[in-house]
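Structure file target37.json with JSON, C-alpha atoms (C1' of nucleotides):
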[["chain", "number", "residue", "atom", "x", "y", "z"],
["Y", 61, "MET", "CA", 0.00, 0.00, 0.00],
["Y", 62, "PRO", "CA", 1.94, 2.73, -1.47],
["Y", 63, "GLU", "CA", 2.98, 6.28, -1.43],
["Y", 64, "GLY", "CA", 6.17, 7.17, -3.27],
["Y", 65, "PRO", "CA", 8.62, 6.08, -0.56],
["Y", 66, "SER", "CA", 7.04, 2.62, -0.33],
["Y", 67, "ILE", "CA", 7.54, 2.20, -4.06],
["Y", 68, "VAL", "CA", 11.20, 3.16, -3.69],
["Y", 69, "ILE", "CA", 11.51, 0.36, -1.14],
["Y", 70, "LEU", "CA", 9.92, -2.05, -3.61],
["Y", 71, "LYS", "CA", 12.42, -0.94, -6.25],
["Y", 72, "GLU", "CA", 15.33, -1.54, -3.90],
["Y", 73, "LEU", "CA", 14.01, -4.98, -2.95],
["Y", 74, "THR", "CA", 13.66, -6.02, -6.58],
["Y", 75, "GLU", "CA", 16.86, -4.70, -8.10],
["Y", 76, "GLN", "CA", 18.17, -8.25, -7.72],
["Y", 77, "PHE", "CA", 16.24, -9.01, -10.94],
["Y", 78, "VAL", "CA", 17.94, -6.40, -13.09],
["Y", 79, "GLY", "CA", 19.94, -8.22, -15.77],
["Y", 80, "LYS", "CA", 17.83, -11.37, -15.27],
["Y", 81, "LYS", "CA", 15.72, -12.96, -17.95],
["Y", 82, "ILE", "CA", 11.96, -13.47, -17.52],
["Y", 83, "LEU", "CA", 11.46, -17.18, -18.16],
["Y", 84, "GLU", "CA", 7.71, -17.13, -17.61],
["Y", 85, "ALA", "CA", 5.13, -14.36, -17.36],
["Y", 86, "GLY", "CA", 1.59, -15.05, -16.19],
["Y", 87, "GLY", "CA", -1.31, -13.69, -14.19],
["Y", 88, "SER", "CA", -4.75, -12.22, -14.75],
["Y", 89, "ALA", "CA", -3.59, -8.84, -16.11],
["Y", 90, "LYS", "CA", -4.94, -8.16, -19.57],
["Y", 91, "ILE", "CA", -1.61, -7.66, -21.26],
["Y", 92, "ASP", "CA", 0.25, -9.66, -23.86],
["Y", 93, "MET", "CA", 2.45, -11.82, -21.63],
["Y", 94, "SER", "CA", 4.40, -13.10, -24.65],
["Y", 95, "LEU", "CA", 5.98, -9.64, -24.94],
["Y", 96, "LEU", "CA", 7.65, -10.24, -21.58],
["Y", 97, "GLU", "CA", 8.77, -13.83, -21.85],
["Y", 98, "GLY", "CA", 12.39, -14.30, -22.80],
["Y", 99, "GLN", "CA", 13.10, -10.63, -22.18],
["Y", 100, "MET", "CA", 15.78, -9.36, -19.83],
["Y", 101, "ILE", "CA", 14.99, -6.72, -17.22],
["Y", 102, "VAL", "CA", 17.06, -3.72, -18.24],
["Y", 103, "ALA", "CA", 16.16, -1.55, -15.25],
["Y", 104, "ILE", "CA", 13.70, -1.06, -12.43],
["Y", 105, "ARG", "CA", 12.52, 2.54, -12.17],
["Y", 106, "THR", "CA", 9.83, 4.43, -10.31],
["Y", 107, "TRP", "CA", 7.85, 7.58, -10.91],
["Y", 108, "GLY", "CA", 5.91, 8.55, -7.82],
["Y", 109, "LYS", "CA", 3.57, 5.65, -7.14],
["Y", 110, "HIS", "CA", 4.37, 3.97, -10.47],
["Y", 111, "TYR", "CA", 6.67, 0.95, -10.37],
["Y", 112, "LEU", "CA", 8.33, 0.39, -13.72],
["Y", 113, "ILE", "CA", 9.89, -2.80, -15.02],
["Y", 114, "CYS", "CA", 11.91, -1.75, -18.06],
["Y", 115, "LEU", "CA", 12.55, -4.27, -20.84],
["Y", 116, "LYS", "CA", 14.26, -3.60, -24.15],
["Y", 117, "ASP", "CA", 11.18, -2.53, -26.12],
["Y", 118, "VAL", "CA", 8.48, -2.18, -23.51],
["Y", 119, "THR", "CA", 7.95, -1.14, -19.90],
["Y", 120, "VAL", "CA", 5.57, -2.83, -17.47],
["Y", 121, "ARG", "CA", 3.83, -0.24, -15.31],
["Y", 122, "ILE", "CA", 2.52, -1.48, -11.99],
["Y", 123, "HIS", "CA", 0.31, 0.70, -9.80],
["Y", 124, "LEU", "CA", -0.59, -0.86, -6.47],
["Y", 125, "MET", "CA", -3.52, 1.51, -5.96],
["Y", 126, "LEU", "CA", -5.06, 1.20, -2.49],
["Y", 127, "PHE", "CA", -5.05, -2.55, -2.03],
["Y", 128, "GLY", "CA", -2.22, -3.88, -4.12],
["Y", 129, "SER", "CA", 0.45, -6.14, -2.70],
["Y", 130, "TYR", "CA", 3.50, -8.07, -3.84],
["Y", 131, "ARG", "CA", 5.66, -11.01, -2.92],
["Y", 132, "ILE", "CA", 9.30, -11.48, -3.82],
["Y", 133, "ASN", "CA", 10.55, -15.04, -4.24],
["Y", 134, "GLU", "CA", 7.35, -16.35, -2.70],
["Y", 135, "GLU", "CA", 3.65, -16.52, -3.51],
["Y", 136, "ARG", "CA", 0.44, -15.66, -1.77],
["Y", 137, "ASP", "CA", -2.67, -17.77, -1.64],
["Y", 138, "ALA", "CA", -4.33, -15.59, -4.27],
["Y", 139, "ASN", "CA", -4.35, -15.16, -8.03],
["Y", 140, "PRO", "CA", -1.58, -12.83, -9.10],
["Y", 141, "ARG", "CA", -2.26, -10.05, -11.59],
["Y", 142, "LEU", "CA", 1.29, -10.48, -12.75],
["Y", 143, "SER", "CA", 3.76, -13.21, -11.96],
["Y", 144, "LEU", "CA", 7.30, -13.19, -13.33],
["Y", 145, "LYS", "CA", 9.44, -16.25, -12.98],
["Y", 146, "PHE", "CA", 13.21, -16.19, -13.25],
["Y", 147, "LYS", "CA", 15.83, -18.94, -13.23],
["Y", 148, "LYS", "CA", 16.21, -18.11, -9.58],
["Y", 149, "GLY", "CA", 13.26, -16.47, -7.83],
["Y", 150, "SER", "CA", 10.00, -14.83, -8.80],
["Y", 151, "LEU", "CA", 8.16, -11.55, -8.59],
["Y", 152, "ASN", "CA", 4.42, -11.54, -7.92],
["Y", 153, "PHE", "CA", 1.88, -8.70, -7.87],
["Y", 154, "TYR", "CA", -1.69, -8.84, -6.60],
["Y", 155, "ALA", "CA", -4.75, -6.60, -6.88],
["Y", 156, "CYS", "CA", -2.92, -3.94, -8.79],
["Y", 157, "SER", "CA", -3.14, -2.15, -12.11],
["Y", 158, "VAL", "CA", -0.78, -3.51, -14.77],
["Y", 159, "LYS", "CA", -0.17, -1.73, -18.06],
["Y", 160, "LEU", "CA", 2.38, -1.85, -20.82],
["Y", 161, "ILE", "CA", 4.09, 1.34, -21.93],
["Y", 162, "GLU", "CA", 5.54, 1.21, -25.42],
["Y", 163, "ASP", "CA", 6.53, 4.89, -25.62],
["Y", 164, "ASP", "CA", 9.81, 6.35, -24.48],
["Y", 165, "LEU", "CA", 9.50, 6.90, -20.72],
["Y", 166, "ASP", "CA", 10.97, 10.38, -21.04],
["Y", 167, "ASP", "CA", 7.95, 11.29, -23.17],
["Y", 168, "VAL", "CA", 5.51, 9.78, -20.65],
["Y", 169, "TYR", "CA", 6.92, 11.00, -17.36],
["Y", 170, "ASP", "CA", 7.99, 14.37, -16.00],
["Y", 171, "TRP", "CA", 10.77, 13.11, -13.73],
["Y", 172, "SER", "CA", 11.14, 16.50, -12.08],
["Y", 173, "ALA", "CA", 7.69, 16.04, -10.51],
["Y", 174, "ASP", "CA", 8.69, 12.88, -8.61],
["Y", 175, "ILE", "CA", 9.33, 13.84, -5.00],
["Y", 176, "MET", "CA", 11.68, 10.84, -4.60],
["Y", 177, "SER", "CA", 13.68, 11.40, -7.78],
["Y", 178, "ASP", "CA", 17.21, 12.75, -8.19],
["Y", 179, "LYS", "CA", 15.63, 14.85, -10.91],
["Y", 180, "TRP", "CA", 13.06, 16.38, -8.52],
["Y", 181, "SER", "CA", 12.84, 20.12, -9.05],
["Y", 182, "ALA", "CA", 11.47, 22.45, -6.40],
["Y", 183, "THR", "CA", 11.56, 25.25, -8.96],
["Y", 184, "SER", "CA", 9.40, 23.26, -11.33],
["Y", 185, "ALA", "CA", 6.91, 22.52, -8.52],
["Y", 186, "LYS", "CA", 6.75, 26.20, -7.63],
["Y", 187, "LYS", "CA", 6.01, 27.09, -11.25],
["Y", 188, "LYS", "CA", 3.15, 24.59, -11.38],
["Y", 189, "LEU", "CA", 1.68, 25.81, -8.09],
["Y", 190, "LYS", "CA", 1.82, 29.40, -9.26],
["Y", 191, "ALA", "CA", -0.12, 28.36, -12.35],
["Y", 192, "HIS", "CA", -2.97, 27.13, -10.10],
["Y", 193, "PRO", "CA", -3.46, 29.84, -7.47],
["Y", 194, "ASP", "CA", -6.98, 28.67, -6.57],
["Y", 195, "MET", "CA", -5.88, 25.14, -5.84],
["Y", 196, "LEU", "CA", -6.24, 24.26, -2.15],
["Y", 197, "ALA", "CA", -3.15, 23.08, -0.31],
["Y", 198, "CYS", "CA", -4.85, 19.75, 0.50],
["Y", 199, "ASP", "CA", -5.45, 19.14, -3.22],
["Y", 200, "ALA", "CA", -2.03, 20.36, -4.34],
["Y", 201, "LEU", "CA", -0.28, 17.80, -2.16],
["Y", 202, "LEU", "CA", -2.22, 15.00, -3.86],
["Y", 203, "ASP", "CA", -1.66, 16.29, -7.39],
["Y", 204, "GLN", "CA", 0.59, 13.73, -9.07],
["Y", 205, "GLU", "CA", 1.68, 16.18, -11.77],
["Y", 206, "ILE", "CA", 3.09, 18.48, -9.09],
["Y", 207, "PHE", "CA", 4.03, 16.18, -6.20],
["Y", 208, "SER", "CA", 4.22, 12.75, -7.80],
["Y", 209, "GLY", "CA", 4.41, 10.13, -5.08],
["Y", 210, "SER", "CA", 2.73, 12.19, -2.40],
["Y", 211, "GLY", "CA", -0.35, 10.56, -0.89],
["Y", 212, "ASN", "CA", -2.81, 11.16, 1.88],
["Y", 213, "ILE", "CA", -0.38, 10.53, 4.72],
["Y", 214, "ILE", "CA", 2.34, 12.74, 3.28],
["Y", 215, "LYS", "CA", -0.29, 15.41, 2.63],
["Y", 216, "CYS", "CA", -1.51, 15.51, 6.23],
["Y", 217, "GLU", "CA", 1.91, 15.28, 7.83],
["Y", 218, "VAL", "CA", 3.51, 17.94, 5.63],
["Y", 219, "LEU", "CA", 0.69, 20.43, 6.19],
["Y", 220, "TRP", "CA", 1.03, 19.91, 9.91],
["Y", 221, "ARG", "CA", 4.83, 20.29, 9.82],
["Y", 222, "VAL", "CA", 4.67, 23.61, 8.00],
["Y", 223, "ARG", "CA", 1.68, 24.74, 10.09],
["Y", 224, "LEU", "CA", -0.50, 25.26, 7.09],
["Y", 225, "HIS", "CA", -4.29, 24.92, 7.07],
["Y", 226, "PRO", "CA", -5.36, 22.43, 4.38],
["Y", 227, "LEU", "CA", -7.93, 24.82, 2.92],
["Y", 228, "THR", "CA", -5.44, 27.57, 2.09],
["Y", 229, "PRO", "CA", -5.41, 28.35, -1.64],
["Y", 230, "VAL", "CA", -1.79, 27.98, -2.74],
["Y", 231, "GLY", "CA", -1.93, 31.38, -4.45],
["Y", 232, "ASN", "CA", -2.39, 33.01, -1.04],
["Y", 233, "LEU", "CA", 0.87, 31.68, 0.35],
["Y", 234, "PRO", "CA", 3.65, 34.16, 1.03],
["Y", 235, "ALA", "CA", 6.72, 33.29, -1.05],
["Y", 236, "ALA", "CA", 8.69, 31.91, 1.88],
["Y", 237, "LYS", "CA", 5.80, 29.69, 2.96],
["Y", 238, "LEU", "CA", 5.36, 28.32, -0.54],
["Y", 239, "THR", "CA", 9.06, 27.48, -0.68],
["Y", 240, "GLU", "CA", 8.87, 25.84, 2.74],
["Y", 241, "LEU", "CA", 5.86, 23.72, 1.73],
["Y", 242, "ILE", "CA", 7.65, 22.40, -1.35],
["Y", 243, "LYS", "CA", 10.89, 21.75, 0.49],
["Y", 244, "GLU", "CA", 9.20, 20.01, 3.39],
["Y", 245, "THR", "CA", 7.23, 17.71, 1.11],
["Y", 246, "ARG", "CA", 10.42, 16.18, -0.25],
["Y", 247, "HIS", "CA", 12.03, 16.22, 3.18],
["Y", 248, "TYR", "CA", 9.14, 14.40, 4.83],
["Y", 249, "ALA", "CA", 9.02, 11.87, 1.99],
["Y", 250, "PHE", "CA", 12.59, 10.85, 2.84],
["Y", 251, "ASP", "CA", 11.79, 10.69, 6.56],
["Y", 252, "PHE", "CA", 8.85, 8.48, 5.58],
["Y", 253, "LEU", "CA", 11.24, 6.28, 3.58],
["Y", 254, "GLU", "CA", 13.63, 5.80, 6.48],
["Y", 255, "TRP", "CA", 10.88, 5.22, 9.05],
["Y", 256, "LYS", "CA", 9.10, 2.78, 6.77],
["Y", 257, "LYS", "CA", 12.33, 0.83, 6.34],
["Y", 258, "GLN", "CA", 12.71, 0.67, 10.10],
["Y", 259, "PHE", "CA", 9.03, -0.30, 10.54],
["Y", 260, "VAL", "CA", 8.44, 2.74, 12.72],
["Y", 261, "LEU", "CA", 6.46, 4.94, 10.33],
["Y", 262, "ARG", "CA", 3.22, 4.94, 12.32],
["Y", 263, "LYS", "CA", 4.99, 5.83, 15.50],
["Y", 264, "HIS", "CA", 6.13, 9.08, 13.89],
["Y", 265, "TRP", "CA", 2.76, 10.26, 12.67],
["Y", 266, "ALA", "CA", 1.92, 13.64, 14.19],
["Y", 267, "VAL", "CA", -1.64, 14.13, 12.96],
["Y", 268, "TYR", "CA", -2.49, 11.35, 10.55],
["Y", 269, "SER", "CA", -5.03, 9.13, 12.35],
["Y", 270, "LYS", "CA", -4.12, 10.87, 15.59],
["Y", 271, "LYS", "CA", -6.48, 12.14, 18.25],
["Y", 272, "LYS", "CA", -4.47, 15.06, 19.61],
["Y", 273, "CYS", "CA", -2.10, 17.61, 18.13],
["Y", 274, "PRO", "CA", 1.38, 16.94, 19.57],
["Y", 275, "ARG", "CA", 2.04, 20.70, 19.67],
["Y", 276, "CYS", "CA", -1.25, 22.04, 21.02],
["Y", 277, "HIS", "CA", -2.63, 18.96, 22.80],
["Y", 278, "ILE", "CA", -6.08, 19.73, 21.49],
["Y", 279, "PRO", "CA", -8.21, 17.38, 19.38],
["Y", 280, "VAL", "CA", -7.13, 16.86, 15.78],
["Y", 281, "ILE", "CA", -9.88, 17.53, 13.24],
["Y", 282, "LYS", "CA", -10.71, 14.83, 10.72],
["Y", 283, "GLU", "CA", -12.57, 16.09, 7.68],
["Y", 284, "VAL", "CA", -13.15, 15.21, 4.04],
["Y", 285, "MET", "CA", -11.78, 18.10, 2.04],
["Y", 286, "GLY", "CA", -11.08, 19.64, -1.33],
["Y", 287, "LYS", "CA", -11.65, 18.61, -4.89],
["Y", 288, "THR", "CA", -9.91, 15.36, -4.08],
["Y", 289, "LYS", "CA", -12.44, 14.66, -1.28],
["Y", 290, "ARG", "CA", -9.95, 12.88, 0.87],
["Y", 291, "ARG", "CA", -9.84, 12.57, 4.60],
["Y", 292, "THR", "CA", -7.66, 15.25, 6.10],
["Y", 293, "PHE", "CA", -6.31, 15.33, 9.65],
["Y", 294, "TYR", "CA", -5.25, 18.74, 10.89],
["Y", 295, "CYS", "CA", -4.96, 21.01, 13.91],
["Y", 296, "ASN", "CA", -7.22, 24.03, 13.71],
["Y", 297, "ASN", "CA", -5.05, 25.89, 16.17],
["Y", 298, "CYS", "CA", -1.50, 25.69, 14.86],
["Y", 299, "GLN", "CA", -2.20, 25.21, 11.15],
["Y", 300, "LEU", "CA", -2.87, 28.66, 9.82],
["Y", 301, "ILE", "CA", -5.09, 29.63, 6.93],
["Y", 302, "TYR", "CA", -3.98, 32.44, 4.62],
["Y", 303, "GLU", "CA", -6.94, 34.42, 3.28],
["T", 142, "DC", "C1'", -16.57, -7.95, 13.46],
["T", 143, "DC", "C1'", -17.13, -4.53, 10.40],
["T", 144, "DG", "C1'", -16.05, 0.27, 9.15],
["T", 145, "DG", "C1'", -12.60, 2.57, 6.90],
["T", 146, "DT", "C1'", -9.09, 3.23, 3.52],
["T", 147, "DT", "C1'", -1.23, 5.06, 2.09],
["T", 148, "DG", "C1'", -5.62, 5.41, -5.04],
["T", 149, "DT", "C1'", -7.13, 5.88, -9.74],
["T", 150, "DT", "C1'", -10.22, 5.49, -13.66],
["T", 151, "DC", "C1'", -14.28, 5.91, -16.04],
["T", 152, "DA", "C1'", -19.24, 6.27, -17.17],
["T", 153, "DG", "C1'", -22.89, 9.32, -16.89],
["T", 154, "DC", "C1'", -24.81, 13.68, -16.61],
["T", 155, "DG", "C1'", -25.81, 18.67, -17.09],
["C", 99, "DG", "C1'", -15.82, 19.21, -24.61],
["C", 100, "DC", "C1'", -15.93, 20.69, -19.88],
["C", 101, "DG", "C1'", -16.27, 19.65, -14.83],
["C", 102, "DC", "C1'", -18.37, 17.22, -11.41],
["C", 103, "DT", "C1'", -20.15, 12.98, -9.10],
["C", 104, "DG", "C1'", -20.43, 8.48, -7.81],
["C", 105, "DA", "C1'", -19.30, 3.78, -8.74],
["C", 106, "DA", "C1'", -16.12, 0.33, -9.23],
["C", 107, "DC", "C1'", -12.23, -2.13, -7.99],
["C", 108, "DA", "C1'", -10.12, -4.75, -3.96],
["C", 109, "DA", "C1'", -7.87, -6.61, 0.67],
["C", 110, "DC", "C1'", -6.32, -5.84, 5.11],
["C", 111, "DC", "C1'", -6.08, -3.51, 9.61],
["C", 112, "DG", "C1'", -7.66, -1.90, 14.11]]
Target encoding structure tokens, full file:
Amino acid sequence: MPEGPSIVILKELTEQFVGKKILEAGGSAKIDMSLLEGQMIVAIRTWGKHYLICLKDVTVRIHLMLFGSYRINEERDANPRLSLKFKKGSLNFYACSVKLIEDDLDDVYDWSADIMSDKWSATSAKKKLKAHPDMLACDALLDQEIFSGSGNIIKCEVLWRVRLHPLTPVGNLPAAKLTELIKETRHYAFDFLEWKKQFVLRKHWAVYSKKKCPRCHIPVIKEVMGKTKRRTFYCNNCQLIYE
DNA sequence: CCGGTTGTTCAGCG
DNA sequence: GCGCTGAACAACCG
């Protein structure tokens, strides 16, 4: 169950298959499995929540959505959407979206939008936010064209960290605050990555699914918000709205 | 035990 | 063609 950092972990766990040949490809995904069989994995890449298995002429795009799961070198008691078998080991995906990308990935993906990428560009994010001044902060942090890889947890935690009310239109943010929001999104994503690796992510949540604000010790508000209509946890005292 | 959800896509409608 | 809404999908946790 994935936000960007979780997909980076998946990439790291599966880099053992780079340079390996797919001996058998199966599963319930409606793709032409014969395009994968006999092919070598050239690279494993990610773009936000997209997990990309790159072959010579085609890329397999896996999106785990809300309920997807995977097993490496083992299987679950469920039908896989995609199952890749190698001489040694296997890679299995369940309840996820599987698509083939035939185009050049550089034409499909704006790498500078990926909050986990080396190519991430805060300047580019700022430009996009400035182009949508009416967009609410809670929606901006879920916009995959701007903050690819950010999800509902990152959204809530980042807004709390920078003391920003989720309903603030991004166009109302003072320049310094806008910069801080962008910077903290990437920063928190890497904290998320480290905590997730250590299995201590939950322990570090400040507002997400929490009852009380750790700063103010007053009840955290839980509300469905924005165009994205997602649950948002926030503190009405220390997260300021700019009007 | 069941309500809720770390997400996206698409049909249908005005 | 547009934006908006709700449905659909799906599996596990607390």
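The closest residue to DT147 in chain T, picked from Y:Leu224, Y:Cys276, Y:Leu202, Y:Leu219 and counting only C-alpha atoms (C1' of nucleotides), is Y:Leu202.
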Could you build a table of the residues in chain Y lying no more than 7 Å from chain T, giving for each the nearest pair of atoms and their separation in Å rounded to one decimal place, using all atoms listed in the file, ordered by chain and ascending residue number, as JSON lines?
{"residue": "Y:Met61", "atom": "CA", "partner": "T:DT147", "partner_atom": "C1'", "distance": 5.6}
{"residue": "Y:Pro62", "atom": "CA", "partner": "T:DT147", "partner_atom": "C1'", "distance": 5.3}
{"residue": "Y:Glu63", "atom": "CA", "partner": "T:DT147", "partner_atom": "C1'", "distance": 5.6}
{"residue": "Y:Met125", "atom": "CA", "partner": "T:DG148", "partner_atom": "C1'", "distance": 4.5}
{"residue": "Y:Leu126", "atom": "CA", "partner": "T:DG148", "partner_atom": "C1'", "distance": 5.0}
{"residue": "Y:Gly211", "atom": "CA", "partner": "T:DT147", "partner_atom": "C1'", "distance": 6.3}
{"residue": "Y:Asn212", "atom": "CA", "partner": "T:DT147", "partner_atom": "C1'", "distance": 6.3}
{"residue": "Y:Ile213", "atom": "CA", "partner": "T:DT147", "partner_atom": "C1'", "distance": 6.1}
Written selection (C-alpha atoms) as an mmCIF file, in the frame of the given file:
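Output file again30.cif follows:
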data_model
loop_
_atom_site.group_PDB
_atom_site.id
_atom_site.type_symbol
_atom_site.label_atom_id
_atom_site.label_comp_id
_atom_site.auth_asym_id
_atom_site.auth_seq_id
_atom_site.Cartn_x
_atom_site.Cartn_y
_atom_site.Cartn_z
ATOM 1 C CA MET Y 61 0.000 0.000 0.000
ATOM 2 C CA PRO Y 62 1.940 2.730 -1.470
ATOM 3 C CA GLU Y 63 2.980 6.280 -1.430
ATOM 4 C CA MET Y 125 -3.520 1.510 -5.960
ATOM 5 C CA LEU Y 126 -5.060 1.200 -2.490
ATOM 6 C CA GLY Y 211 -0.350 10.560 -0.890
ATOM 7 C CA ASN Y 212 -2.810 11.160 1.880
ATOM 8 C CA ILE Y 213 -0.380 10.530 4.720
#
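All of the residues in chain Y within 12 Å of chain C are Y:Met61, Y:Leu124, Y:Met125, Y:Leu126, Y:Phe127, Y:Gly128, Y:Ser129, Y:Ala138, Y:Tyr154, Y:Ala155, Y:Cys156, Y:Ser157, Y:Ser269, Y:Lys287, Y:Thr288, Y:Lys289, where all atoms listed in the file were counted.
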Same residues, C-alpha atoms, output as a PDB file, in the frame of the given file:
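part.pdb was written with the following content:
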ATOM      1  CA  MET Y  61       0.000   0.000   0.000  1.00  0.00           C
ATOM      2  CA  LEU Y 124      -0.590  -0.860  -6.470  1.00  0.00           C
ATOM      3  CA  MET Y 125      -3.520   1.510  -5.960  1.00  0.00           C
ATOM      4  CA  LEU Y 126      -5.060   1.200  -2.490  1.00  0.00           C
ATOM      5  CA  PHE Y 127      -5.050  -2.550  -2.030  1.00  0.00           C
ATOM      6  CA  GLY Y 128      -2.220  -3.880  -4.120  1.00  0.00           C
ATOM      7  CA  SER Y 129       0.450  -6.140  -2.700  1.00  0.00           C
ATOM      8  CA  ALA Y 138      -4.330 -15.590  -4.270  1.00  0.00           C
ATOM      9  CA  TYR Y 154      -1.690  -8.840  -6.600  1.00  0.00           C
ATOM     10  CA  ALA Y 155      -4.750  -6.600  -6.880  1.00  0.00           C
ATOM     11  CA  CYS Y 156      -2.920  -3.940  -8.790  1.00  0.00           C
ATOM     12  CA  SER Y 157      -3.140  -2.150 -12.110  1.00  0.00           C
ATOM     13  CA  SER Y 269      -5.030   9.130  12.350  1.00  0.00           C
ATOM     14  CA  LYS Y 287     -11.650  18.610  -4.890  1.00  0.00           C
ATOM     15  CA  THR Y 288      -9.910  15.360  -4.080  1.00  0.00           C
ATOM     16  CA  LYS Y 289     -12.440  14.660  -1.280  1.00  0.00           C
TER      17      LYS Y 289
END
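Relative to CA of Trp220 in chain Y, CA of Leu201 in chain Y is found at 12.3 Å.
Residues with any atom within 10 Å of Tyr130 in chain Y, counting all atoms listed in the file and excluding same-chain neighbours fewer than 3 positions away, are Y:Met61, Y:Leu70, Y:Leu124, Y:Asn133, Y:Glu134, Y:Glu135, Y:Arg136, Y:Pro140, Y:Arg141, Y:Leu142, Y:Ser143, Y:Leu151, Y:Asn152, Y:Phe153, Y:Tyr154, Y:Ala155, Y:Cys156.
Straight-line separation from CA of Leu165 in chain Y to CA of His110 in chain Y: 11.8 Å.
If you look at CA of Lys272 in chain Y and CA of Asp251 in chain Y, they are 21.3 Å away from each other.
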